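Pasted below: structure.csv, CSV, N, CA and C atoms.
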chain,number,residue,atom,x,y,z
A,192,MET,N,75.9,65.0,50.4
A,192,MET,CA,75.2,64.7,49.2
A,192,MET,C,75.6,65.6,48.0
A,193,SER,N,75.8,66.8,48.3
A,193,SER,CA,76.2,67.8,47.2
A,193,SER,C,77.6,67.4,46.6
A,194,HIS,N,78.5,66.8,47.4
A,194,HIS,CA,79.7,66.3,46.9
A,194,HIS,C,79.5,65.3,45.8
A,195,TRP,N,78.6,64.4,46.0
A,195,TRP,CA,78.2,63.4,45.0
A,195,TRP,C,77.7,64.0,43.7
A,196,ILE,N,76.8,65.0,43.9
A,196,ILE,CA,76.2,65.6,42.7
A,196,ILE,C,77.3,66.4,41.9
A,197,MET,N,78.2,67.1,42.6
A,197,MET,CA,79.3,67.8,41.9
A,197,MET,C,80.2,66.8,41.2
A,198,GLY,N,80.5,65.7,41.9
A,198,GLY,CA,81.4,64.7,41.3
A,198,GLY,C,80.8,64.1,40.1
A,199,ILE,N,79.6,63.7,40.1
A,199,ILE,CA,78.9,63.1,39.0
A,199,ILE,C,78.8,64.1,37.8
A,200,PHE,N,78.4,65.4,38.1
A,200,PHE,CA,78.3,66.4,37.1
A,200,PHE,C,79.7,66.7,36.4
A,201,THR,N,80.7,66.8,37.3
A,201,THR,CA,82.0,67.0,36.7
A,201,THR,C,82.5,65.9,35.9
A,202,GLY,N,82.3,64.6,36.3
A,202,GLY,CA,82.6,63.5,35.6
A,202,GLY,C,81.9,63.4,34.2
A,203,LEU,N,80.6,63.8,34.2
A,203,LEU,CA,79.9,63.9,32.9
A,203,LEU,C,80.5,65.0,32.0
A,204,LEU,N,80.9,66.1,32.6
A,204,LEU,CA,81.5,67.1,31.8
A,204,LEU,C,82.8,66.6,31.2
A,205,GLY,N,83.6,65.8,31.9
A,205,GLY,CA,84.8,65.2,31.4
A,205,GLY,C,84.5,64.3,30.2
A,206,LEU,N,83.4,63.5,30.3
A,206,LEU,CA,83.0,62.6,29.2
A,206,LEU,C,82.6,63.4,28.0
A,207,VAL,N,81.8,64.5,28.3
A,207,VAL,CA,81.4,65.3,27.1
A,207,VAL,C,82.6,65.9,26.4
A,208,GLY,N,83.6,66.3,27.2
A,208,GLY,CA,84.8,66.8,26.6
A,208,GLY,C,85.5,65.8,25.8
A,209,LEU,N,85.6,64.5,26.2
A,209,LEU,CA,86.2,63.5,25.4
A,209,LEU,C,85.4,63.2,24.1
A,210,PHE,N,84.1,63.3,24.2
A,210,PHE,CA,83.3,63.1,23.0
A,210,PHE,C,83.5,64.3,22.0
A,211,MET,N,83.6,65.5,22.6
A,211,MET,CA,83.9,66.6,21.7
A,211,MET,C,85.2,66.5,21.1
A,212,ALA,N,86.2,66.1,21.8
A,212,ALA,CA,87.6,66.0,21.2
A,212,ALA,C,87.6,64.9,20.2
A,213,GLY,N,86.8,63.8,20.4
A,213,GLY,CA,86.8,62.7,19.5
A,213,GLY,C,86.1,63.0,18.2
A,214,ALA,N,85.2,63.9,18.2
A,214,ALA,CA,84.4,64.3,17.0
A,214,ALA,C,84.9,65.6,16.4
A,215,ALA,N,86.0,66.2,16.9
A,215,ALA,CA,86.4,67.5,16.5
A,215,ALA,C,86.9,67.5,15.1
A,216,ARG,N,86.6,68.6,14.4
A,216,ARG,CA,87.1,68.8,13.0
A,216,ARG,C,88.1,69.9,12.9
A,217,ASP,N,88.3,70.6,14.0
A,217,ASP,CA,89.3,71.6,14.0
A,217,ASP,C,90.1,71.6,15.4
A,218,PHE,N,91.2,72.3,15.4
A,218,PHE,CA,92.0,72.3,16.6
A,218,PHE,C,91.4,72.9,17.8
A,219,GLY,N,90.6,74.0,17.6
A,219,GLY,CA,90.0,74.7,18.7
A,219,GLY,C,89.1,73.8,19.5
A,220,ILE,N,88.2,73.1,18.9
A,220,ILE,CA,87.3,72.2,19.6
A,220,ILE,C,88.0,71.0,20.2
A,221,LEU,N,89.1,70.5,19.5
A,221,LEU,CA,89.9,69.4,20.1
A,221,LEU,C,90.5,69.9,21.4
A,222,ALA,N,91.1,71.1,21.3
A,222,ALA,CA,91.8,71.6,22.5
A,222,ALA,C,90.8,71.8,23.7
A,223,PHE,N,89.7,72.4,23.3
A,223,PHE,CA,88.7,72.6,24.4
A,223,PHE,C,88.1,71.3,25.0
A,224,GLY,N,87.9,70.4,24.1
A,224,GLY,CA,87.4,69.1,24.6
A,224,GLY,C,88.4,68.4,25.5
A,225,LEU,N,89.7,68.4,25.1
A,225,LEU,CA,90.7,67.8,25.9
A,225,LEU,C,90.9,68.5,27.2
A,226,ALA,N,90.8,69.9,27.2
A,226,ALA,CA,90.9,70.7,28.4
A,226,ALA,C,89.8,70.4,29.3
A,227,LEU,N,88.6,70.2,28.8
A,227,LEU,CA,87.4,69.9,29.6
A,227,LEU,C,87.6,68.6,30.3
A,228,ALA,N,88.1,67.6,29.5
A,228,ALA,CA,88.3,66.3,30.1
A,228,ALA,C,89.4,66.3,31.2
A,229,VAL,N,90.4,67.0,31.0
A,229,VAL,CA,91.5,67.1,32.0
A,229,VAL,C,91.0,67.8,33.2
A,230,PHE,N,90.2,68.9,33.0
A,230,PHE,CA,89.6,69.6,34.2
A,230,PHE,C,88.6,68.6,34.9
A,231,GLY,N,87.8,67.9,34.2
A,231,GLY,CA,86.9,67.0,34.9
A,231,GLY,C,87.6,65.9,35.7
A,232,ALA,N,88.7,65.3,35.2
A,232,ALA,CA,89.5,64.3,35.9
A,232,ALA,C,90.2,65.0,37.1
A,233,GLY,N,90.8,66.1,36.9
A,233,GLY,CA,91.5,66.8,38.0
A,233,GLY,C,90.6,67.2,39.1
A,234,PHE,N,89.4,67.7,38.8
A,234,PHE,CA,88.4,68.1,39.8
A,234,PHE,C,88.0,66.9,40.6
A,235,CYS,N,87.7,65.8,39.9
A,235,CYS,CA,87.3,64.6,40.7
A,235,CYS,C,88.4,64.1,41.6
A,236,TRP,N,89.7,64.1,41.1
A,236,TRP,CA,90.8,63.7,42.0
A,236,TRP,C,90.9,64.7,43.2
A,237,TRP,N,90.7,66.0,42.9
A,237,TRP,CA,90.8,67.0,44.0
A,237,TRP,C,89.7,66.7,45.0
A,238,MET,N,88.5,66.3,44.6
A,238,MET,CA,87.4,66.0,45.5
A,238,MET,C,87.7,64.8,46.3
A,239,ILE,N,88.3,63.8,45.7
A,239,ILE,CA,88.7,62.6,46.5
A,239,ILE,C,89.8,62.9,47.5
A,240,LYS,N,90.8,63.7,47.2
A,240,LYS,CA,91.8,64.2,48.1
A,240,LYS,C,91.2,64.9,49.3
A,241,THR,N,90.3,65.9,49.0
A,241,THR,CA,89.6,66.7,50.0
A,241,THR,C,88.8,65.8,51.0
A,242,SER,N,88.2,64.8,50.4
A,242,SER,CA,87.4,63.9,51.3
A,242,SER,C,88.3,63.1,52.2
A,243,PHE,N,89.4,62.6,51.7
A,243,PHE,CA,90.3,61.9,52.6
A,243,PHE,C,91.0,62.8,53.6
A,244,ASP,N,91.3,64.0,53.2
A,244,ASP,CA,91.8,65.0,54.2
A,244,ASP,C,90.8,65.3,55.3
A,245,GLU,N,89.5,65.4,55.0
A,245,GLU,CA,88.5,65.7,56.0
A,245,GLU,C,88.4,64.5,56.9
A,246,GLU,N,88.4,63.3,56.4
A,246,GLU,CA,88.3,62.1,57.2
A,246,GLU,C,89.5,62.0,58.2
A,247,GLU,N,90.7,62.3,57.7
A,247,GLU,CA,91.9,62.3,58.6
A,247,GLU,C,91.8,63.3,59.6
A,248,GLU,N,91.3,64.5,59.3
A,248,GLU,CA,91.2,65.6,60.3
A,248,GLU,C,90.2,65.3,61.3
A,249,ALA,N,89.1,64.7,60.9
A,249,ALA,CA,88.0,64.3,61.8
A,249,ALA,C,88.5,63.2,62.8
A,250,ALA,N,89.3,62.3,62.3
A,250,ALA,CA,89.8,61.2,63.1
A,250,ALA,C,90.9,61.6,64.1
A,251,GLY,N,91.5,62.8,63.8
A,251,GLY,CA,92.5,63.3,64.6
A,251,GLY,C,93.8,62.4,64.5
A,252,SER,N,94.0,61.9,63.4
A,252,SER,CA,95.2,61.0,63.2
A,252,SER,C,96.5,61.7,63.3
A,253,ARG,N,97.4,61.2,64.1
A,253,ARG,CA,98.7,61.8,64.2
A,253,ARG,C,99.7,60.7,64.2
A,254,VAL,N,100.9,61.0,63.6
A,254,VAL,CA,101.9,60.0,63.5
A,254,VAL,C,102.7,60.1,64.9
A,255,VAL,N,102.7,58.9,65.5
A,255,VAL,CA,103.4,58.8,66.8
A,255,VAL,C,104.6,57.9,66.6
A,256,ILE,N,105.8,58.4,66.9
A,256,ILE,CA,107.0,57.7,66.8
A,256,ILE,C,107.5,57.3,68.2
A,257,ARG,N,107.5,56.0,68.4
A,257,ARG,CA,108.0,55.5,69.7
A,257,ARG,C,109.4,55.0,69.6
A,258,GLU,N,110.2,55.6,70.5
A,258,GLU,CA,111.6,55.2,70.6
A,258,GLU,C,111.8,54.1,71.6
A,259,LYS,N,112.6,53.2,71.3
A,259,LYS,CA,112.9,52.1,72.3
A,259,LYS,C,114.2,52.4,73.1
Rewrite the coordinates I just gave you, this time as structure tokens.
Amino acid sequence: MSHWIMGIFTGLLGLVGLFMAGAARDFGILAFGLALAVFGAGFCWWMIKTSFDEEEEAAGSRVVIREK
């Protein structure tokens, strides 16, 4: 459940960053807003990757090559 909370929170931070960048009047806020949006998107992608890695590890999936 905590993964969902962290994902939602980080996604909202990314949206806040986009709104900050959209309403920016100087370069500092623009750069910070874009960096926050990139961080939010990257963190969500990392959480998705971690989830798939955990599922594969739990399933014990191995690549088996059969020779004929």
Distance of atom CA of A:Trp237 from atom CA of A:Ala214, expressed in Å to one decimal place: 27.9 Å
Among the residues A:Phe223, A:Phe218, A:Phe210, A:Phe230, the one that comes closest to A:Gly198 [using only C-alpha atoms]: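 Using only C-alpha atoms, the shortest distance to A:Gly198 belongs to A:Phe230.
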List the neighbours of A:Ile239 out to 12 Å using only C-alpha atoms; skip same-chain residues closer than 6 positions along the sequence, and give me the result as a list in words.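 Within the cut-off, the hits are His194, Trp195, Met197, Gly198, Ala232, Gly233, Glu245 and Glu246 of chain A.
Minimum atom-to-atom distance to A:Phe200, evaluated using all atoms listed in the file, belongs to A:Gly231 out of A:Phe243, A:Ala212, A:Gly231, A:Ala222.
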Taking the backbone alone, and naming residues the way the document does, which bits of chain A are alpha helix (DSSP H) by DSSP, as a count of residues only? 54
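Atom N of A:Ile196 sits 12.7 Å away from atom CA of A:Phe234.
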So how far away is atom C of A:Gly202 from atom N of A:Leu225, in Å?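 Interatomic distance here is 13.0 Å.
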Using only N, CA and C atoms, which residue out of A:Leu209, A:Ala250, A:Met238, A:Met192 lies closest to A:Ala226?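 Comparing A:Leu209, A:Ala250, A:Met238, A:Met192 against A:Ala226, the winner is A:Leu209.
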